[in-house]
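> Mind having a look at this structure? Questions to follow.
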Amino acid sequence: DGCTEQTTINVENLAPISPTITVAPTHCLGSTLNFTTDASNHPAGTTYLWNFGNGQTATSTNPSYNYPSAGTYTVELTTSIPGECTYTATETVTIHPSPVINFFGENENGTLVSCSDASNPLSSMTVDFTNYTTGATSYLWNFGNGTTSTAQNPSVTYTTFGSFPITITASNEWGCSVTSAVQTAVFDISVAAGFNVGATGTNGCAPFTLNTISNTSAGNIQSYRWDFGGGAIYET
């Protein structure tokens, strides 16, 4: 009767640490997004849970992520500190699709190869391109001979012999661009294989050495393959 008991409990009122999300709002498909948050006022032990809006998550403080599909995503960051206080921030990012390059080039023969020789002397080769690229609003063609074009379906005329890699850069209204090199044009002199055998002739007693062969092949030749019979092959 008249007895009392006192208990003291210390209550800590933790300051809020509302998180922030820093990231550029628009990106092109295939680019890596770098997400950051200001952790300078977060106490030790703070944990982070990022949700990128497509079912994928990360737990690092400042993660990077590459979205596999175009679209608009709501990114959510949840921070938790000791004492089970949690705070959430959201940010929207948009991933724009990139162009898909597809084109076809052909000369008067329906190919990308023209060879000039005595029976068919050529001073030039003209190639016409049909552009099947999707998702693009502008183009930059490089024909490998120092000339370019911004036309959708250009033509090019080659007046010097050689092999010319063709590249196209396609861009869209969001600044997303893709460069692809998928075809090579060849305008060259036809090659002709030939050789002469010297005074030693082409027959004799074994062992017989055929050492007076004169190569008379003509044209822009890149390699040779000699077959001497009997399984003897020589390549240069």
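Naming works like this for the structure tokens: A, B, ... for the chains as they're shown, residue 1 at the start of each chain, ligands 1 onward in shown order.
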Using only C-alpha atoms, which protein or nucleic acid residues come within 6 Å of Thr167 (chain A)? Drop anything in the same chain fewer than 4 positions from it, and give the result as a ChimeraX atom specification.

/A:141-142,180-181

> Hey, what's within 8 Å of region 153-157 of chain A if we count only C-alpha atoms and toss same-chain stuff fewer than 2 positions away? As a list in words, please?

Ser124, Met125, Thr126, Val127, Asp128, Phe129, Thr130, Asn131, Phe143, Ser149, Thr150, Ala151 and Thr159 of chain A

> Write out as a ChimeraX atom specification all residues of region 88-185 of chain A that backbone DSSP assigns to strand (DSSP E or B).

/A:88-96,100,103-106,113-117,120,125-131,134,138-142,148-149,155-158,162-171,177-185

> Do you have the CA of Gly144 (chain A)-CA of Ser98 (chain A) distance handy?

24.1 Å

> Using Å and a single decimal, report how far CA of Tyr158 (chain A) sits from CA of Asn107 (chain A).

10.7 Å

> For the atom pair CA of Phe195 (chain A) and CA of Asp117 (chain A), what is the interatomic distance in Å to one decimal place?

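The value is 18.6 Å.
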
> For Gly71 (chain A), please output as a ChimeraX atom specification all residues within 10 Å (counting only C-alpha atoms; exclusion window: fewer than 5 positions along the same chain).

/A:29,54,93-97

> I need the residue nearest Ala185 (chain A) from this list: A:Val113, A:Trp226, A:Ala136, A:Ile213. Use only C-alpha atoms for the distance.

A:Val113

> Under the rule that only C-alpha atoms are counted, which of A:Val197, A:Ala58, A:Ala44, A:Ile101 is the nearest residue to Gly83 (chain A)?

A:Ala44
